[in-house]
file run-v3.cif (mmCIF, C-alpha atoms and all ligand atoms)
data_model
loop_
_atom_site.label_atom_id
_atom_site.label_comp_id
_atom_site.auth_asym_id
_atom_site.auth_seq_id
_atom_site.Cartn_x
_atom_site.Cartn_y
_atom_site.Cartn_z
CA MET A 183 78.57 28.98 -47.46
CA ASP A 184 79.98 26.30 -49.70
CA THR A 185 78.87 23.63 -47.28
CA ASN A 186 75.36 24.79 -48.04
CA ILE A 187 75.89 24.10 -51.69
CA ILE A 188 77.26 20.67 -50.94
CA ILE A 189 74.24 19.83 -48.86
CA ARG A 190 71.92 21.10 -51.54
CA ALA A 191 73.67 18.90 -54.09
CA LEU A 192 73.40 15.96 -51.76
CA ILE A 193 69.66 16.45 -51.28
CA ASN A 194 69.21 16.92 -55.01
CA ASP A 195 70.93 13.64 -55.64
CA MET A 196 68.64 11.80 -53.26
CA ILE A 197 65.44 13.05 -54.87
CA ALA A 198 64.06 11.30 -57.89
CA LEU A 199 64.62 13.15 -61.15
CA PRO A 200 61.10 14.28 -62.06
CA GLN A 201 60.51 15.88 -58.71
CA ARG A 202 63.69 17.89 -58.68
CA ASN A 203 62.28 21.00 -60.25
CA ASP A 204 59.50 21.23 -57.71
CA MET A 205 61.94 21.26 -54.89
CA ASN A 206 63.10 24.41 -53.38
CA ILE A 207 65.54 24.23 -50.57
CA ASN A 208 65.52 26.94 -48.07
CA SER A 209 68.96 27.39 -46.69
CA GLU A 210 67.49 28.61 -43.43
CA HIS A 211 66.16 25.14 -42.85
CA ILE A 212 69.50 23.49 -42.93
CA THR A 213 70.95 22.83 -39.54
CA MET A 214 74.42 21.58 -39.07
CA LEU A 215 75.82 20.05 -35.98
CA GLU A 216 79.35 21.23 -36.16
CA GLY A 217 81.42 23.70 -38.11
CA GLY A 218 78.33 25.06 -39.73
CA ASN A 219 78.22 28.62 -40.82
CA THR A 220 74.71 28.85 -42.17
CA ALA A 221 72.63 31.93 -41.87
CA ARG A 222 70.51 30.36 -39.22
CA ASN A 223 73.39 29.45 -37.02
CA SER A 224 74.90 32.86 -36.97
CA SER A 225 71.67 34.69 -36.34
CA SER A 226 70.43 32.59 -33.48
CA GLY A 227 73.13 33.16 -30.96
CA ARG A 228 72.83 33.98 -27.35
CA ARG A 229 73.81 37.50 -28.16
CA GLY A 230 70.42 38.87 -27.34
CA GLN A 231 70.39 37.58 -23.83
CA ARG A 232 72.75 39.09 -21.34
CA ALA A 233 74.33 36.43 -19.25
CA ARG A 234 73.32 36.82 -15.67
CA LYS A 235 76.21 37.57 -13.42
CA SER A 236 77.01 34.96 -10.89
CA VAL A 237 77.00 36.00 -7.27
CA VAL A 238 80.39 34.47 -6.78
CA ILE A 239 83.33 36.37 -8.18
CA PRO A 240 85.77 34.18 -10.09
CA ARG A 241 89.24 34.34 -8.66
CA ARG A 242 90.65 35.81 -11.83
CA GLN A 243 88.19 38.66 -11.79
CA HIS A 244 88.73 39.06 -8.10
CA ARG A 245 92.34 39.74 -8.85
CA ALA A 246 91.53 42.07 -11.73
CA LEU A 247 89.41 44.16 -9.41
CA GLY A 248 92.36 44.50 -7.09
CA LEU A 249 90.69 42.83 -4.17
CA HIS A 250 93.56 40.50 -3.48
CA THR A 251 96.07 42.98 -2.29
CA LEU A 252 96.39 46.49 -1.10
CA PRO A 253 99.11 48.56 -2.71
CA THR A 254 101.73 49.95 -0.38
CA THR A 255 100.43 53.48 -0.62
CA ALA A 256 96.72 52.71 -0.88
CA VAL A 257 95.62 53.69 2.58
CA SER A 258 96.39 57.09 3.98
CA TYR A 259 96.95 57.61 7.65
CA GLU A 260 93.94 59.92 7.79
CA ASP A 261 91.63 57.12 6.69
CA ALA A 262 93.26 54.83 9.19
CA THR A 263 92.63 57.29 11.99
CA LEU A 264 88.98 57.44 10.98
CA ILE A 265 88.73 53.70 11.39
CA HIS A 266 90.66 53.92 14.62
CA ARG A 267 88.15 56.41 15.99
CA VAL A 268 85.27 54.05 15.27
CA TRP A 269 87.29 51.23 16.71
CA LYS A 270 87.78 53.04 20.03
CA ARG A 271 84.04 53.33 20.43
CA TYR A 272 83.65 49.69 19.52
CA VAL A 273 86.20 48.57 22.10
CA ARG A 274 84.53 50.53 24.88
CA GLU A 275 81.30 48.86 24.00
CA ALA A 276 82.80 45.41 23.63
CA LEU A 277 84.70 45.51 26.88
CA GLY A 278 82.13 47.54 28.72
CA ILE A 279 84.55 50.19 29.89
CA GLU A 280 84.43 53.94 30.00
CA GLN A 281 87.16 56.36 29.18
CA GLY A 282 89.69 56.45 31.97
CA ASP A 283 88.70 53.09 33.40
CA VAL A 284 91.32 50.67 34.57
CA LEU A 285 91.15 47.02 33.77
CA PRO A 286 91.20 44.57 36.69
CA THR A 287 94.49 42.84 37.32
CA VAL A 288 95.07 39.10 37.43
CA ASP A 289 94.06 38.60 41.03
CA GLU A 290 91.03 40.85 40.81
CA LYS A 291 87.55 39.66 40.10
CA GLY A 292 86.67 40.59 36.52
CA HIS A 293 89.93 39.50 34.97
CA ASP A 294 88.91 36.36 33.15
CA PRO A 295 85.87 37.62 31.21
CA ILE A 296 87.76 40.67 30.09
CA CYS A 297 90.63 38.49 28.88
CA GLN A 298 88.18 36.46 26.88
CA ALA A 299 86.68 39.59 25.43
CA LEU A 300 90.10 40.92 24.56
CA MET A 301 91.02 37.77 22.70
CA LYS A 302 87.83 37.84 20.68
CA MET A 303 88.20 41.50 19.96
CA GLU A 304 88.39 42.89 16.47
CA LEU A 305 91.85 44.16 15.71
CA HIS A 306 91.17 46.08 12.52
CA GLY A 307 91.49 49.69 13.47
CA ALA A 308 93.57 49.04 16.55
CA LYS A 309 96.64 51.11 17.15
CA ILE A 310 99.47 48.75 17.81
CA LYS A 311 103.11 49.01 18.60
CA VAL A 312 105.67 46.34 18.03
CA LEU A 313 107.48 45.75 21.28
CA GLU A 314 109.60 42.81 20.30
CA SER A 315 110.23 40.99 17.12
CA LYS A 316 112.68 38.58 15.65
CA CYS A 317 113.23 41.11 12.94
CA GLU A 318 115.04 44.05 14.43
CA THR A 319 113.75 46.64 11.97
CA LEU A 320 110.15 46.07 12.96
CA VAL A 321 110.68 46.84 16.61
CA GLY A 322 109.17 50.13 17.63
CA LEU A 323 106.80 50.54 14.72
CA ILE A 324 103.50 52.15 15.57
CA GLY A 325 100.49 52.06 13.30
CA VAL A 326 96.84 51.30 12.76
CA VAL A 327 95.92 47.81 11.65
CA VAL A 328 94.00 47.95 8.41
CA LEU A 329 94.28 44.36 7.29
CA GLU A 330 94.74 41.14 9.14
CA THR A 331 95.44 37.71 7.79
CA LYS A 332 96.29 34.50 9.53
CA ASN A 333 99.94 35.33 9.90
CA ILE A 334 100.27 38.99 9.21
CA PHE A 335 99.17 42.39 10.39
CA LYS A 336 99.22 45.18 7.86
CA ILE A 337 99.63 48.50 9.54
CA VAL A 338 99.62 52.07 8.30
CA SER A 339 101.95 54.50 9.96
CA THR A 340 102.10 58.26 9.79
CA ASP A 341 104.09 58.15 6.55
CA ASP A 342 101.08 56.60 4.72
CA ARG A 343 102.91 53.41 3.99
CA LEU A 344 101.53 49.95 4.46
CA ARG A 345 103.76 47.57 6.34
CA SER A 346 103.39 43.88 6.92
CA ILE A 347 104.29 42.53 10.29
CA PRO A 348 104.37 38.80 10.91
CA LYS A 349 102.51 37.85 14.04
CA GLN A 350 104.70 34.92 14.88
CA ASP A 351 107.70 35.81 17.02
CA SER A 352 106.44 39.31 17.71
CA VAL A 353 105.02 40.98 20.78
CA PHE A 354 102.50 43.73 20.30
CA CYS A 355 101.20 46.46 22.48
CA ILE A 356 97.61 47.47 21.82
CA THR A 357 96.68 50.88 23.09
CA ILE A 358 93.11 51.55 24.16
CA GLY A 359 93.02 55.07 25.50
CA ASN A 360 95.02 54.88 28.71
CA ILE A 361 95.17 51.11 28.77
CA GLU A 362 97.95 49.17 27.20
CA VAL A 363 97.47 45.52 26.42
CA VAL A 364 100.45 43.38 25.65
CA ALA A 365 99.62 40.61 23.27
CA TYR A 366 101.88 37.86 22.10
CA GLY A 367 101.65 37.34 18.40
CA LYS A 368 101.72 33.59 18.80
CA GLN A 369 98.32 33.71 20.43
CA LEU A 370 96.87 35.81 17.65
CA LEU A 371 97.58 33.31 14.92
CA THR A 372 94.02 32.92 13.74
CA ARG A 373 92.15 34.19 10.77
CA SER A 374 90.26 37.19 11.95
CA ALA A 375 86.87 35.84 10.88
CA GLU A 376 87.42 32.69 12.86
CA ARG A 377 88.53 34.41 15.97
CA SER A 378 85.12 35.14 17.39
CA VAL A 379 84.04 31.54 17.05
CA LYS A 380 87.20 29.79 18.11
CA LYS A 381 87.83 28.96 21.71
CA ILE A 382 91.07 30.32 22.94
CA LYS A 383 93.11 30.00 26.05
CA ALA A 384 94.07 33.53 26.77
CA ILE A 385 97.52 34.42 27.85
CA LEU A 386 97.51 38.15 28.11
CA ASP A 387 99.20 40.69 30.16
CA PHE A 388 97.92 44.19 30.50
CA SER A 389 98.90 47.18 32.45
CA SER A 390 97.34 50.56 32.80
CA VAL A 391 99.27 53.75 32.43
CA ASP A 392 98.39 56.76 34.48
CA MET B 103 68.02 29.43 27.30
CA SER B 104 68.42 30.00 30.97
CA SER B 105 67.87 33.60 31.78
CA LYS B 106 70.00 34.98 34.52
CA LYS B 107 68.40 37.70 36.46
CA GLN B 108 70.83 40.55 36.16
CA GLN B 109 72.37 39.95 32.77
CA PRO B 110 69.89 39.05 30.07
CA ALA B 111 71.23 36.41 27.77
CA PHE B 112 72.29 37.98 24.53
CA GLN B 113 73.75 35.34 22.34
CA GLY B 114 76.49 36.44 20.05
CA LYS B 115 76.79 39.87 21.55
CA GLU B 116 80.45 40.31 20.81
CA CYS B 117 79.95 39.04 17.30
CA PHE B 118 77.16 41.50 16.70
CA SER B 119 79.17 44.41 17.96
CA ARG B 120 82.08 43.25 15.87
CA MET B 121 79.93 43.09 12.78
CA ASN B 122 78.49 46.46 13.63
CA PHE B 123 81.95 47.95 13.81
CA LEU B 124 83.03 46.31 10.57
CA PHE B 125 79.98 47.57 8.78
CA GLN B 126 80.64 51.07 10.02
CA ALA B 127 84.25 50.83 8.91
CA SER B 128 83.14 49.53 5.55
CA MET B 129 80.74 52.43 5.13
CA LEU B 130 83.46 54.83 6.15
CA MET B 131 85.88 53.54 3.56
CA ALA B 132 83.37 53.41 0.71
CA GLY B 133 84.43 55.94 -1.88
CA LYS B 134 87.81 56.44 -0.31
CA ASN B 135 89.22 53.00 -0.64
CA ASN B 136 86.84 50.57 -2.22
CA ALA B 137 89.06 47.54 -1.90
CA LEU B 138 89.28 48.04 1.83
CA SER B 139 85.57 48.67 2.11
CA ALA B 140 84.87 45.43 0.28
CA TYR B 141 87.30 43.63 2.56
CA TYR B 142 85.55 44.81 5.70
CA GLY B 143 82.17 44.00 4.23
CA GLU B 144 83.34 40.54 3.34
CA LEU B 145 84.69 40.05 6.84
CA CYS B 146 81.43 41.21 8.36
CA ARG B 147 79.55 38.67 6.31
CA SER B 148 81.97 35.87 6.99
CA ILE B 149 81.69 36.46 10.73
CA ALA B 150 77.93 36.21 10.39
CA LYS B 151 78.42 33.01 8.48
CA LYS B 152 80.83 31.52 10.99
CA ALA B 153 78.80 32.41 14.04
CA VAL B 154 75.49 31.60 12.32
CA LEU B 155 73.93 34.98 12.95
CA LYS B 156 71.56 36.79 10.69
CA ILE B 157 72.20 40.21 9.31
CA ASP B 158 69.21 42.49 9.18
CA PRO B 159 67.95 42.85 5.58
CA ASN B 160 68.26 46.62 5.72
CA ILE B 161 71.95 46.27 6.42
CA LYS B 162 72.40 43.45 3.98
CA ARG B 163 70.97 45.53 1.17
CA GLN B 164 73.55 48.18 1.76
CA MET B 165 76.31 45.80 0.79
CA CYS B 166 76.97 44.46 -2.66
CA LYS B 167 75.88 40.87 -2.82
CA ARG B 168 78.79 40.01 -5.02
CA CYS B 169 81.82 41.89 -3.73
CA SER B 170 80.51 43.12 -0.35
CA LEU B 171 81.30 46.72 -1.11
CA ALA B 172 79.30 49.15 0.97
CA LEU B 173 76.89 50.72 -1.47
CA LYS B 174 76.34 54.41 -1.16
CA PRO B 175 74.16 55.57 -4.04
CA GLY B 176 76.04 58.27 -5.91
CA ILE B 177 79.43 57.35 -4.53
CA THR B 178 79.94 53.64 -4.97
CA ALA B 179 76.68 52.70 -6.66
CA ASP B 180 74.11 53.88 -9.16
CA LEU B 181 70.46 53.92 -8.29
CA HIS B 182 67.90 53.83 -11.06
CA ALA B 183 64.17 53.80 -10.88
CA GLU B 184 62.56 51.99 -13.75
CA THR B 185 59.04 51.26 -14.82
CA ARG B 186 58.17 48.33 -16.94
CA ARG B 187 57.24 49.51 -20.41
CA LYS B 188 54.17 47.42 -21.14
CA ARG B 189 52.00 48.70 -18.42
CA ARG B 190 53.37 52.16 -18.69
CA LYS B 191 51.40 52.93 -21.82
CA SER B 192 48.11 52.65 -20.09
CA LEU B 193 49.21 54.80 -17.21
CA LYS B 194 50.98 57.26 -19.36
CA ASN B 195 50.49 60.32 -17.27
CA SER B 196 50.77 58.87 -13.85
CA ASP B 197 53.96 59.33 -11.94
CA ASN B 198 52.78 57.06 -9.24
CA VAL B 199 55.04 54.54 -7.74
CA ASP B 200 53.29 51.26 -8.10
CA GLU B 201 54.20 47.63 -8.28
CA ASN B 202 55.64 48.08 -11.75
CA THR B 203 58.37 50.36 -10.56
CA SER B 204 61.64 48.83 -9.60
CA MET B 205 64.84 50.23 -8.24
CA THR B 206 68.12 49.01 -9.62
CA LEU B 207 71.25 49.34 -7.59
CA THR B 208 74.43 48.87 -9.57
CA CYS B 209 77.72 48.35 -7.82
CA HIS B 210 80.54 50.45 -9.24
CA GLN B 211 83.25 48.01 -8.42
CA CYS B 212 82.02 44.76 -9.89
CA GLY B 213 78.97 45.91 -11.82
CA PHE B 214 76.53 43.68 -10.04
CA ARG B 215 72.94 44.86 -10.33
CA ARG B 216 70.34 44.24 -7.77
CA GLN B 217 66.73 44.92 -8.39
CA PHE B 218 64.27 45.87 -5.74
CA ILE B 219 60.63 45.92 -6.53
CA VAL B 220 58.78 48.83 -5.10
CA ASN B 221 55.46 47.62 -3.99
CA PRO B 222 53.61 49.64 -1.38
CA ASN B 223 51.33 46.74 -0.65
CA TYR B 224 54.10 44.41 0.33
CA ASN B 225 55.07 44.08 3.96
CA PHE B 226 58.30 42.62 5.14
CA TRP B 227 58.12 39.95 7.70
CA LEU B 228 60.56 41.77 9.93
CA ASP B 229 58.48 44.93 9.84
CA ASN B 230 55.64 42.88 11.12
CA GLU B 231 55.22 43.16 14.85
CA GLU B 232 54.59 39.47 15.17
CA SER B 233 58.14 38.70 14.15
CA VAL B 234 59.65 40.30 17.23
CA VAL B 235 59.79 37.76 19.98
CA GLU B 236 62.16 39.43 22.32
CA SER B 237 63.87 42.76 22.46
CA ILE B 238 66.95 43.35 24.49
CA THR B 239 67.91 46.79 25.58
CA LEU B 240 71.49 47.16 26.56
CA GLY B 241 72.23 48.72 29.87
CA ASN B 242 74.38 51.47 28.42
CA ASN B 243 72.79 54.79 27.82
CA LYS B 244 74.70 55.28 24.63
CA PRO B 245 72.78 55.68 21.41
CA GLU B 246 75.20 53.48 19.46
CA SER B 247 74.00 50.36 21.15
CA LYS B 248 70.58 50.94 19.68
CA GLN B 249 71.76 50.35 16.17
CA LYS B 250 72.74 46.88 17.03
CA GLN B 251 69.23 46.10 18.04
CA SER B 252 68.15 46.30 14.48
CA LEU B 253 70.52 43.47 13.70
CA ILE B 254 68.73 41.06 15.90
CA SER B 255 65.19 40.15 15.44
CA ASP B 256 64.91 36.45 15.70
CA LYS B 257 61.72 34.59 15.51
CA GLU B 258 62.36 31.66 17.70
CA THR B 259 62.77 30.49 21.29
CA LYS B 260 60.60 31.36 24.19
CA GLU B 261 58.81 34.56 24.66
CA THR B 262 60.68 36.42 27.26
CA THR B 263 60.60 40.12 27.64
CA THR B 264 63.47 41.57 29.47
CA LYS B 265 64.09 45.13 30.28
ZN ZN C 1 79.98 44.77 -6.17
#
call {"tool": "encode", "arguments": {"input": "run-v3.cif", "output": "structure tokens", "more": "lines below"}}
Ligand SMILES: [Zn+2]
result
Amino acid sequence: MDTNIIIRALINDMIALPQRNDMNINSEHITMLEGGNTARNSSSGRRGQRARKSVVIPRRQHRALGLHTLPTTAVSYEDATLIHRVWKRYVREALGIEQGDVLPTVDEKGHDPICQALMKMELHGAKIKVLESKCETLVGLIGVVVLETKNIFKIVSTDDRLRSIPKQDSVFCITIGNIEVVAYGKQLLTRSAERSVKKIKAILDFSSVD
Amino acid sequence: MSSKKQQPAFQGKECFSRMNFLFQASMLMAGKNNALSAYYGELCRSIAKKAVLKIDPNIKRQMCKRCSLALKPGITADLHAETRRKRRKSLKNSDNVDENTSMTLTCHQCGFRRQFIVNPNYNFWLDNEESVVESITLGNNKPESKQKQSLISDKETKETTTK
């Protein structure tokens, strides 16, 4: 408040002596550009208005909400099986097959379109098995994919734990009912959102189990 | 668009079924695992963005605009009905839903509010019959394929009706 007094003294000095008594200075009318702490400045804030939330989440808040990562025990196997059940229906629709159908082999007629469809398929919810991997401990793991990034599958197994499996240097087996599709991780190295748009040369190998 | 006789052209079919699946998964996870639900919702939207496909407004409104969480009122979102005060005084005793009423949907995860104005006189363009140019019925007799139909209602290209 002492800045107010200084300003008042300054104005007083600038006014000719006889008029001084007629002057009354309203402190509300004093505006300061910087460092001011007058009554006016403090009252007219933007406190009344609530800032409108932006549609985009800032990265920092994104992290605070926990959207960046999934904790190791976040997803239970039960939830994963629910997704897997929906996924099975989706796959039958996407590939146009019924339960118990057998996919055509390489030399048969409908091989190419189904390969294309398989490559563009959504893999969230798929039940996969690691057939081969550079890392020995990953071989033989079975689980439902809940998260996919460019280089990693995150799968949930029966023990409710989330495991990351690098796609590179691994061979996966995707089970669709009685059909088993062998997919090489090298070919799956795309972000899952980009997969349906990207053109891929499919190298797949599938066999059906009776 | 060249229409082949046996298979009607359905652009972006696999993308639509993918988005359909992701939306279902997102709805399934809402309330159980919100982070995962938001992830699937985000993916669904990003596929639509990448493949330049439109999501039906009814579906779009069920996802948070900000964090893509599937919004289930009561589980992952709050739904309020509000009436603007000023006009309310004159219609003190009426409980009618008129153009002053609005519904607010608040996302539990990020707190984003979305307001929908309830106006019985307003018609959506997509509800209008003129907007439907072409409807494709999938050959399967399964009811699931019907849901996808609601995702597509484009208002462009030639008028072709295929059965
Ligand atoms: Zn939200």
call {"tool": "residues_around", "arguments": {"input": "run-v3.cif", "residues": "Ala150 in chain B", "least_positions_apart": "3", "cutoff": "9 Å", "atoms": "all atoms listed in the file", "output": "number ranges by chain"}}
result
A: 375; B: 117-118, 121, 145-147, 153-157
call {"tool": "closest_atom_pairs", "arguments": {"input": "run-v3.cif", "of": "chain B", "to": "chain A", "cutoff": "9 Å", "atoms": "all atoms listed in the file", "output": "tab-separated table"}}
result
residue	atom	partner	partner_atom	distance
B:Lys115	CA	A:Ala276	CA	8.4
B:Glu116	CA	A:Ala276	CA	6.3
B:Cys117	CA	A:Ser378	CA	6.5
B:Ser119	CA	A:Ala276	CA	6.8
B:Arg120	CA	A:Glu304	CA	6.3
B:Asn122	CA	A:Tyr272	CA	8.5
B:Phe123	CA	A:Tyr272	CA	6.2
B:Leu124	CA	A:His306	CA	8.4
B:Gln126	CA	A:Val268	CA	7.6
B:Ala127	CA	A:Ile265	CA	5.9
B:Leu130	CA	A:Ile265	CA	7.5
B:Met131	CA	A:Asp261	CA	7.5
B:Lys134	CA	A:Asp261	CA	8.0
B:Asn135	CA	A:Val257	CA	7.2
B:Asn136	CA	A:Leu249	CA	8.9
B:Ala137	CA	A:Leu249	CA	5.5
B:Leu138	CA	A:Leu252	CA	7.8
B:Ala140	CA	A:Leu249	CA	7.8
B:Tyr141	CA	A:Leu249	CA	7.6
B:Tyr142	CA	A:Leu329	CA	8.9
B:Leu145	CA	A:Ala375	CA	6.2
B:Cys146	CA	A:Ala375	CA	8.0
B:Ser148	CA	A:Ala375	CA	6.3
B:Ile149	CA	A:Ala375	CA	5.2
B:Ala150	CA	A:Ala375	CA	9.0
B:Lys152	CA	A:Val379	CA	6.9
B:Ala153	CA	A:Val379	CA	6.1
B:Lys167	CA	A:Val237	CA	6.7
B:Arg168	CA	A:Val237	CA	4.9
B:Cys169	CA	A:Ile239	CA	7.2
B:Gln211	CA	A:Leu247	CA	7.3
B:Cys212	CA	A:Leu247	CA	7.4
B:Gly213	CA	A:Lys235	CA	8.9
B:Phe214	CA	A:Lys235	CA	7.0
B:Arg215	CA	A:Lys235	CA	8.6
B:Asn242	CA	A:Glu275	CA	8.6
B:Glu246	CA	A:Arg271	CA	8.9
B:Ser247	CA	A:Glu275	CA	8.0
call {"tool": "residues_around", "arguments": {"input": "run-v3.cif", "residues": "range 181-183 of chain B", "least_positions_apart": "6", "cutoff": "7 Å", "atoms": "only C-alpha atoms", "output": "number ranges by chain"}}
result
B: 175, 203-208
call {"tool": "write_last_selection", "arguments": {"input": "run-v3.cif", "atoms": "C-alpha atoms", "output": "compact mmCIF listing (two decimals), in the coordinates of the input"}}
result
# COMPACT_ATOMS: atom_id res chain seq x y z
CA PRO B 175 74.16 55.57 -4.04
CA THR B 203 58.37 50.36 -10.56
CA SER B 204 61.64 48.83 -9.60
CA MET B 205 64.84 50.23 -8.24
CA THR B 206 68.12 49.01 -9.62
CA LEU B 207 71.25 49.34 -7.59
CA THR B 208 74.43 48.87 -9.57
call {"tool": "atom_distance", "arguments": {"input": "run-v3.cif", "atom1": "CA of Asn223 in chain B", "atom2": "CA of Ala172 in chain B"}}
result
28.1 Å
call {"tool": "closest_residue", "arguments": {"input": "run-v3.cif", "among": "B:Ser128, B:Phe226, B:Gly143, B:His210", "to": "ligand ZN 1 (chain C)", "atoms": "all atoms listed in the file"}}
result
B:His210
call {"tool": "residues_around", "arguments": {"input": "run-v3.cif", "residues": "Lys332 in chain A", "least_positions_apart": "5", "cutoff": "12 Å", "atoms": "all atoms listed in the file", "output": "number ranges by chain"}}
result
A: 347-350, 367-377
call {"tool": "atom_distance", "arguments": {"input": "run-v3.cif", "atom1": "CA of Gln113 in chain B", "atom2": "CA of Gln281 in chain A"}}
result
25.9 Å
call {"tool": "atom_distance", "arguments": {"input": "run-v3.cif", "atom1": "CA of Tyr259 in chain A", "atom2": "CA of Ser339 in chain A"}}
result
6.3 Å
call {"tool": "closest_residue", "arguments": {"input": "run-v3.cif", "among": "B:Cys209, B:Leu173, B:Ile161, B:Val220", "to": "ligand ZN 1 (chain C)", "atoms": "all atoms listed in the file"}}
result
B:Cys209
call {"tool": "build_atoms", "arguments": {"input": "run-v3.cif", "residues": "range 236-242 of chain A", "atoms": "all heavy atoms", "output": "tab-separated table (two decimals), in the frame of the given file"}}
result
chain	number	residue	atom	x	y	z
A	236	SER	N	77.04	35.83	-12.04
A	236	SER	CA	77.01	34.96	-10.89
A	236	SER	C	77.31	35.76	-9.63
A	236	SER	O	78.00	36.77	-9.66
A	236	SER	CB	78.04	33.86	-11.08
A	236	SER	OG	78.49	33.41	-9.84
A	237	VAL	N	76.78	35.28	-8.52
A	237	VAL	CA	77.00	36.00	-7.27
A	237	VAL	C	78.43	35.82	-6.79
A	237	VAL	O	78.99	36.68	-6.10
A	237	VAL	CB	75.98	35.52	-6.21
A	237	VAL	CG1	76.21	36.20	-4.90
A	237	VAL	CG2	74.59	35.79	-6.68
A	238	VAL	N	79.03	34.72	-7.19
A	238	VAL	CA	80.39	34.47	-6.78
A	238	VAL	C	81.35	35.10	-7.78
A	238	VAL	O	81.16	34.96	-8.98
A	238	VAL	CB	80.65	32.95	-6.68
A	238	VAL	CG1	82.01	32.69	-6.09
A	238	VAL	CG2	79.58	32.29	-5.88
A	239	ILE	N	82.35	35.79	-7.29
A	239	ILE	CA	83.33	36.37	-8.18
A	239	ILE	C	84.39	35.32	-8.49
A	239	ILE	O	84.96	34.73	-7.58
A	239	ILE	CB	84.01	37.59	-7.54
A	239	ILE	CG1	82.96	38.59	-7.08
A	239	ILE	CG2	84.97	38.25	-8.51
A	239	ILE	CD1	83.55	39.84	-6.52
A	240	PRO	N	84.68	35.09	-9.77
A	240	PRO	CA	85.77	34.18	-10.09
A	240	PRO	C	87.10	34.76	-9.61
A	240	PRO	O	87.27	35.97	-9.57
A	240	PRO	CB	85.76	34.11	-11.62
A	240	PRO	CG	84.52	34.77	-12.05
A	240	PRO	CD	84.03	35.61	-10.96
A	241	ARG	N	87.98	33.88	-9.25
A	241	ARG	CA	89.24	34.34	-8.66
A	241	ARG	C	89.99	35.29	-9.59
A	241	ARG	O	90.64	36.23	-9.15
A	241	ARG	CB	90.17	33.15	-8.36
A	241	ARG	CG	89.91	32.38	-7.11
A	241	ARG	CD	89.15	33.07	-6.07
A	241	ARG	NE	89.99	33.64	-5.02
A	241	ARG	CZ	89.51	34.22	-3.93
A	241	ARG	NH1	88.22	34.28	-3.73
A	241	ARG	NH2	90.31	34.72	-3.03
A	242	ARG	N	89.90	34.99	-10.88
A	242	ARG	CA	90.65	35.81	-11.83
A	242	ARG	C	90.11	37.24	-11.84
A	242	ARG	O	90.87	38.20	-11.85
A	242	ARG	CB	90.54	35.19	-13.22
A	242	ARG	CG	91.59	35.69	-14.17
A	242	ARG	CD	91.58	34.87	-15.42
A	242	ARG	NE	92.10	33.52	-15.21
A	242	ARG	CZ	92.02	32.57	-16.11
A	242	ARG	NH1	91.45	32.81	-17.26
A	242	ARG	NH2	92.51	31.39	-15.87
